[in-house]
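Dumped work15.cif below, it's mmCIF, C-alpha atoms:
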data_start
loop_
_atom_site.label_atom_id
_atom_site.label_comp_id
_atom_site.auth_asym_id
_atom_site.auth_seq_id
_atom_site.Cartn_x
_atom_site.Cartn_y
_atom_site.Cartn_z
CA MET U 585 0.00 0.00 0.00
CA MET U 586 1.33 3.35 -0.99
CA ALA U 587 1.38 6.23 1.50
CA MET U 588 -0.54 9.34 0.50
CA SER U 589 1.11 12.72 0.70
CA ALA U 590 -0.47 15.39 2.88
CA ARG U 591 -1.50 17.28 -0.26
CA SER U 592 -3.22 14.17 -1.70
CA ARG U 593 -5.10 13.53 1.56
CA VAL U 594 -6.38 17.15 1.63
CA ARG U 595 -7.45 16.94 -2.04
CA THR U 596 -9.27 13.63 -1.38
CA ALA U 597 -11.01 15.08 1.69
CA LEU U 598 -12.13 18.16 -0.27
CA VAL U 599 -13.52 16.06 -3.14
CA THR U 600 -15.28 13.68 -0.74
CA GLY U 601 -16.68 16.57 1.34
CA SER U 602 -17.90 18.39 -1.78
CA ALA U 603 -19.66 15.27 -3.00
CA ALA U 604 -21.33 14.76 0.39
CA LEU U 605 -22.50 18.40 0.50
CA GLY U 606 -23.88 18.08 -3.04
CA LEU U 607 -25.83 14.96 -2.03
CA LEU U 608 -27.23 16.67 1.08
CA ALA U 609 -28.26 19.73 -0.95
CA ALA U 610 -30.03 17.52 -3.49
CA LEU U 611 -31.92 15.70 -0.74
CA ALA U 612 -32.94 18.94 0.98
CA ALA U 613 -34.04 20.73 -2.20
CA PRO U 614 -37.80 20.92 -2.78
CA SER U 615 -39.06 18.46 -5.31
CA SER U 616 -40.53 19.86 -8.50
CA ALA U 617 -43.03 17.00 -8.54
CA ALA U 618 -46.24 17.60 -6.63
CA PRO U 619 -46.78 15.29 -3.67
CA SER U 620 -49.43 12.61 -4.11
CA SER U 621 -51.41 14.12 -1.24
CA PRO U 622 -50.90 17.22 0.89
CA GLN U 623 -49.12 16.81 4.19
CA VAL U 624 -51.10 17.94 7.22
CA GLN U 625 -48.72 18.64 10.08
CA GLY U 626 -49.19 20.11 13.52
CA ALA U 627 -52.94 19.65 13.48
CA SER U 628 -55.34 17.19 14.98
CA VAL U 629 -57.15 15.08 12.33
CA ARG U 630 -60.86 14.62 12.98
CA TYR U 631 -64.17 13.69 11.37
CA VAL U 632 -66.99 16.24 11.49
CA VAL U 633 -70.19 14.23 12.03
CA ASN U 634 -73.70 15.70 11.86
CA ASN U 635 -75.80 14.89 14.95
CA HIS U 636 -79.06 14.59 13.01
CA SER U 637 -77.96 12.31 10.17
CA GLY U 638 -74.85 10.67 11.64
CA LYS U 639 -73.08 11.44 8.34
CA CYS U 640 -69.66 12.99 7.78
CA LEU U 641 -68.76 16.37 6.31
CA THR U 642 -67.27 15.26 2.97
CA VAL U 643 -65.56 16.80 -0.06
CA GLN U 644 -67.68 15.41 -2.88
CA GLY U 645 -65.93 12.94 -5.17
CA ALA U 646 -62.64 13.30 -3.23
CA SER U 647 -61.98 16.34 -5.42
CA LYS U 648 -58.79 18.34 -4.94
CA ALA U 649 -60.11 21.33 -6.91
CA ASN U 650 -60.97 24.77 -5.60
CA ASN U 651 -64.72 25.31 -5.17
CA ALA U 652 -65.41 21.55 -4.91
CA THR U 653 -68.70 20.96 -3.08
CA VAL U 654 -68.66 19.96 0.57
CA ASN U 655 -71.72 17.98 1.60
CA GLN U 656 -72.62 15.11 3.92
CA TYR U 657 -72.04 11.46 3.10
CA ARG U 658 -72.12 8.24 5.08
CA CYS U 659 -68.93 7.95 7.10
CA VAL U 660 -66.55 5.52 5.41
CA GLY U 661 -63.26 6.72 6.90
CA ALA U 662 -61.99 8.15 3.61
CA ARG U 663 -59.39 10.94 3.49
CA ASN U 664 -61.92 13.34 1.92
CA GLN U 665 -63.89 13.01 5.19
CA GLN U 666 -60.90 13.78 7.41
CA TRP U 667 -60.26 17.34 8.53
CA ALA U 668 -57.20 18.80 10.20
CA VAL U 669 -58.46 21.02 13.00
CA GLU U 670 -56.33 24.15 13.26
CA ARG U 671 -57.33 26.24 16.25
CA GLY U 672 -57.27 30.00 16.24
CA GLY U 673 -58.07 33.03 18.35
CA GLY U 674 -61.23 35.09 18.43
CA ASP U 675 -64.13 35.41 20.86
CA PRO U 676 -62.97 34.07 24.26
CA SER U 677 -66.40 32.51 24.96
CA LEU U 678 -66.12 30.45 21.78
CA GLY U 679 -63.38 28.36 20.24
CA THR U 680 -62.29 29.24 16.72
CA LEU U 681 -61.03 26.77 14.16
CA VAL U 682 -60.11 26.26 10.54
CA LEU U 683 -60.87 22.89 8.95
CA ARG U 684 -58.30 21.73 6.36
CA ASN U 685 -59.26 18.67 4.31
CA VAL U 686 -56.64 15.93 4.63
CA ASN U 687 -57.14 14.68 1.06
CA SER U 688 -56.89 18.02 -0.76
CA GLY U 689 -55.09 20.27 1.72
CA LYS U 690 -57.77 22.91 1.08
CA CYS U 691 -59.89 24.65 3.71
CA LEU U 692 -63.61 24.49 4.37
CA THR U 693 -64.91 27.75 2.93
CA VAL U 694 -68.19 29.64 2.92
CA HIS U 695 -68.66 30.31 -0.79
CA GLY U 696 -69.47 33.92 -1.56
CA GLY U 697 -69.41 35.19 2.03
CA ALA U 698 -71.60 34.74 5.09
CA ALA U 699 -75.20 34.90 3.93
CA LYS U 700 -78.24 32.74 4.68
CA GLY U 701 -78.22 29.84 2.20
CA ALA U 702 -74.53 30.21 1.23
CA ARG U 703 -73.03 26.85 0.30
CA LEU U 704 -69.84 25.39 1.69
CA ASP U 705 -66.98 24.22 -0.47
CA GLN U 706 -63.21 23.90 -0.26
CA TYR U 707 -60.68 26.46 -1.40
CA ASP U 708 -56.98 27.20 -1.01
CA CYS U 709 -56.34 28.17 2.60
CA ILE U 710 -55.96 31.95 2.59
CA ALA U 711 -56.78 32.75 6.24
CA GLY U 712 -60.00 34.49 5.20
CA THR U 713 -62.82 35.06 7.67
CA ASN U 714 -64.96 32.86 5.41
CA GLN U 715 -62.64 29.96 6.36
CA SER U 716 -62.93 30.42 10.12
CA PHE U 717 -65.65 28.86 12.27
CA SER U 718 -66.50 29.16 15.96
CA TYR U 719 -67.81 26.43 18.23
CA LEU U 720 -68.76 25.92 21.86
CA PRO U 721 -65.43 25.08 23.52
CA VAL U 722 -66.96 23.08 26.36
CA ALA U 723 -66.74 20.00 24.16
CA LEU U 724 -66.29 19.09 20.54
CA ARG U 725 -69.57 17.18 20.68
CA ASN U 726 -73.03 18.43 19.83
CA THR U 727 -71.68 21.88 18.95
CA PRO U 728 -72.83 24.33 16.32
CA LEU U 729 -70.23 25.64 13.89
CA TYR U 730 -70.80 29.37 13.52
CA ALA U 731 -69.63 31.26 10.46
CA HIS U 732 -67.78 34.55 10.76
CA PRO U 733 -68.70 37.31 11.26
CA LEU U 734 -70.52 36.10 14.36
CA THR U 735 -72.96 39.00 14.18
CA ALA U 736 -74.69 37.21 11.28
CA LYS U 737 -75.71 34.37 13.67
CA LEU U 738 -75.38 31.78 10.91
CA ALA U 739 -74.57 28.13 11.55
CA VAL U 740 -73.33 25.29 9.33
CA ASP U 741 -76.53 23.41 8.45
CA VAL U 742 -77.47 20.23 6.55
CA GLN U 743 -80.08 21.70 4.24
CA GLY U 744 -83.64 20.69 5.05
CA ALA U 745 -82.44 18.41 7.87
CA SER U 746 -81.81 15.80 5.16
CA THR U 747 -80.39 12.41 6.05
CA ALA U 748 -79.51 11.59 2.42
CA ASP U 749 -76.01 11.07 1.08
CA ASN U 750 -74.73 14.15 -0.81
CA ALA U 751 -77.22 16.48 0.93
CA PRO U 752 -76.00 20.08 0.67
CA VAL U 753 -74.29 21.76 3.61
CA ILE U 754 -75.08 25.46 3.80
CA LEU U 755 -75.23 28.37 6.22
CA TRP U 756 -78.58 28.99 7.87
CA ARG U 757 -79.98 31.03 10.73
CA ASP U 758 -79.05 29.30 13.99
CA ASN U 759 -82.18 27.45 15.06
CA HIS U 760 -80.62 25.04 17.60
CA ASN U 761 -81.80 21.96 15.65
CA SER U 762 -79.73 18.79 15.46
CA ASN U 763 -78.98 19.28 11.74
CA GLN U 764 -76.85 22.24 12.90
CA ARG U 765 -75.00 20.31 15.59
CA TRP U 766 -71.74 18.53 14.91
CA ASP U 767 -69.36 16.13 16.66
CA ILE U 768 -65.70 16.77 15.90
CA THR U 769 -64.32 13.34 16.64
CA ARG U 770 -61.37 11.02 16.03
CA HIS U 771 -63.64 8.22 14.77
CA PRO U 772 -66.77 8.47 12.61
#
Would you encode the structure as structure tokens?
Amino acid sequence: MMAMSARSRVRTALVTGSAALGLLAALAAPSSAAPSSPQVQGASVRYVVNNHSGKCLTVQGASKANNATVNQYRCVGARNQQWAVERGGGDPSLGTLVLRNVNSGKCLTVHGGAAKGARLDQYDCIAGTNQSFSYLPVALRNTPLYAHPLTAKLAVDVQGASTADNAPVILWRDNHNSNQRWDITRHP
């Protein structure tokens, strides 16, 4: 075995170190390919189940598109029925949350602003007031989900108290009925 000179050892170390740094940089660089499904981190994943129908808040057809309809559908444990609960500030007597769909990475959104009859869909999360909902913080069971601004007194409602799959979910005047009460739970 031949002894390496000090200069050769330094050159070898520099080449090896440069190659290692290049590999680390390549691994750390963001991929240009889109991930197969959005990553939901730092949030608690839940199902939002209507008390009247027992059905889950669902992004119709597992769509990943903006403005895709959110309705109710029998709970099957699918990713388009899973919501990352991201808590926020707001009225101290109420809890405030944003619901981000696990399948699409988009947020539950009141389409067109808070008005009686407005439909719910999903849209890119932009921290808009139409993506923020308040609930009774005593428990995440049997709670209304109020749309913002709270002065409108509108709650997330299964239209017509329907128990059918794909029934529309809209905003409606808070009437304290079970089709406006929701369980935010780990299991459907």
Do you know which residues are at most 8 Å from Ala698 (chain U) counting all atoms listed in the file, after dropping those on the same chain fewer than 3 positions away, and could you put them as a count of residues only? 10
Output the residue selection produced by the PyMOL selection byres ((chain U and resi 638) around 9) on the file above, formatted as a VMD selection string. chain U and resid 633 to 637 639 to 640 658 to 659 747 772
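Of the listed residues U:Asn685, U:Ser677, U:Asn750, U:Thr693, the one whose atoms come nearest to Tyr719 (chain U) is U:Ser677, with distances taken using all atoms listed in the file.
Among the candidates U:Arg757, U:Arg671, U:Lys700, U:Lys690, the one nearest to Ser718 (chain U) when counting only C-alpha atoms is U:Arg671.
Residues captured in this structure file are Arg671, Gly672, Gly673, Gly674, Asp675, Pro676, Ser677, Gly679, Thr680, Leu681, Phe717, Ser718, Tyr719, Leu720, Pro721, Val722, Ala723, Leu724, Thr727, Pro728, Leu729, Tyr730, Ala731, His732 and Leu734 of chain U, according to the PyMOL selection byres ((chain U and resi 678) around 12).
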Selection from above, C-alpha atoms, as a PDB file, keeping the file's coordinate frame, can you write it?
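So the final result, stored in again23.pdb, reads:
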ATOM      1  CA  ARG U 671     -57.330  26.240  16.250  1.00  0.00           C
ATOM      2  CA  GLY U 672     -57.270  30.000  16.240  1.00  0.00           C
ATOM      3  CA  GLY U 673     -58.070  33.030  18.350  1.00  0.00           C
ATOM      4  CA  GLY U 674     -61.230  35.090  18.430  1.00  0.00           C
ATOM      5  CA  ASP U 675     -64.130  35.410  20.860  1.00  0.00           C
ATOM      6  CA  PRO U 676     -62.970  34.070  24.260  1.00  0.00           C
ATOM      7  CA  SER U 677     -66.400  32.510  24.960  1.00  0.00           C
ATOM      8  CA  GLY U 679     -63.380  28.360  20.240  1.00  0.00           C
ATOM      9  CA  THR U 680     -62.290  29.240  16.720  1.00  0.00           C
ATOM     10  CA  LEU U 681     -61.030  26.770  14.160  1.00  0.00           C
ATOM     11  CA  PHE U 717     -65.650  28.860  12.270  1.00  0.00           C
ATOM     12  CA  SER U 718     -66.500  29.160  15.960  1.00  0.00           C
ATOM     13  CA  TYR U 719     -67.810  26.430  18.230  1.00  0.00           C
ATOM     14  CA  LEU U 720     -68.760  25.920  21.860  1.00  0.00           C
ATOM     15  CA  PRO U 721     -65.430  25.080  23.520  1.00  0.00           C
ATOM     16  CA  VAL U 722     -66.960  23.080  26.360  1.00  0.00           C
ATOM     17  CA  ALA U 723     -66.740  20.000  24.160  1.00  0.00           C
ATOM     18  CA  LEU U 724     -66.290  19.090  20.540  1.00  0.00           C
ATOM     19  CA  THR U 727     -71.680  21.880  18.950  1.00  0.00           C
ATOM     20  CA  PRO U 728     -72.830  24.330  16.320  1.00  0.00           C
ATOM     21  CA  LEU U 729     -70.230  25.640  13.890  1.00  0.00           C
ATOM     22  CA  TYR U 730     -70.800  29.370  13.520  1.00  0.00           C
ATOM     23  CA  ALA U 731     -69.630  31.260  10.460  1.00  0.00           C
ATOM     24  CA  HIS U 732     -67.780  34.550  10.760  1.00  0.00           C
ATOM     25  CA  LEU U 734     -70.520  36.100  14.360  1.00  0.00           C
TER      26      LEU U 734
END
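Each of U:Arg770, U:Arg684, U:His760, U:Arg630 was compared to Asp708 (chain U) using all atoms listed in the file, and U:Arg684 turns out to be the nearest.
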Reference answer for the PyMOL selection byres ((chain U and resi 667) around 10), as a PyMOL selection string: chain U and resi 624+627-632+641-642+663-666+668-670+682-692+768-770
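Atom pair CA of Ser716 (chain U) / CA of Asp749 (chain U): separated by 25.0 Å.
If only C-alpha atoms are the atoms counted, then among U:Ser762, U:Gly696, U:Arg725, U:Lys648 the closest residue to Ser746 (chain U) is U:Ser762.
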Rounded to one decimal in Å, what is the spacing between CA of Val753 (chain U) and CA of Ala662 (chain U)? 18.3 Å
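If you look at CA of Asp705 (chain U) and CA of Ser647 (chain U), they are 10.6 Å away from each other.
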Report as number ranges by chain all protein, DNA and RNA residues lying within 6 Å of Asn763 (chain U), evaluated on all atoms listed in the file, omitting residues in the same chain fewer than 5 positions from it. U: 636, 741-742, 745
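The smallest atom-to-atom distance between His771 (chain U) and any of U:Gly712, U:Gly661, U:Pro752, U:Gly744, using all atoms listed in the file, is found for U:Gly661.
Compared by their closest atoms to Thr735 (chain U), and using only C-alpha atoms, the residues U:Asp767, U:Gln656, U:Asp758, U:Cys709 rank with U:Asp758 nearest.
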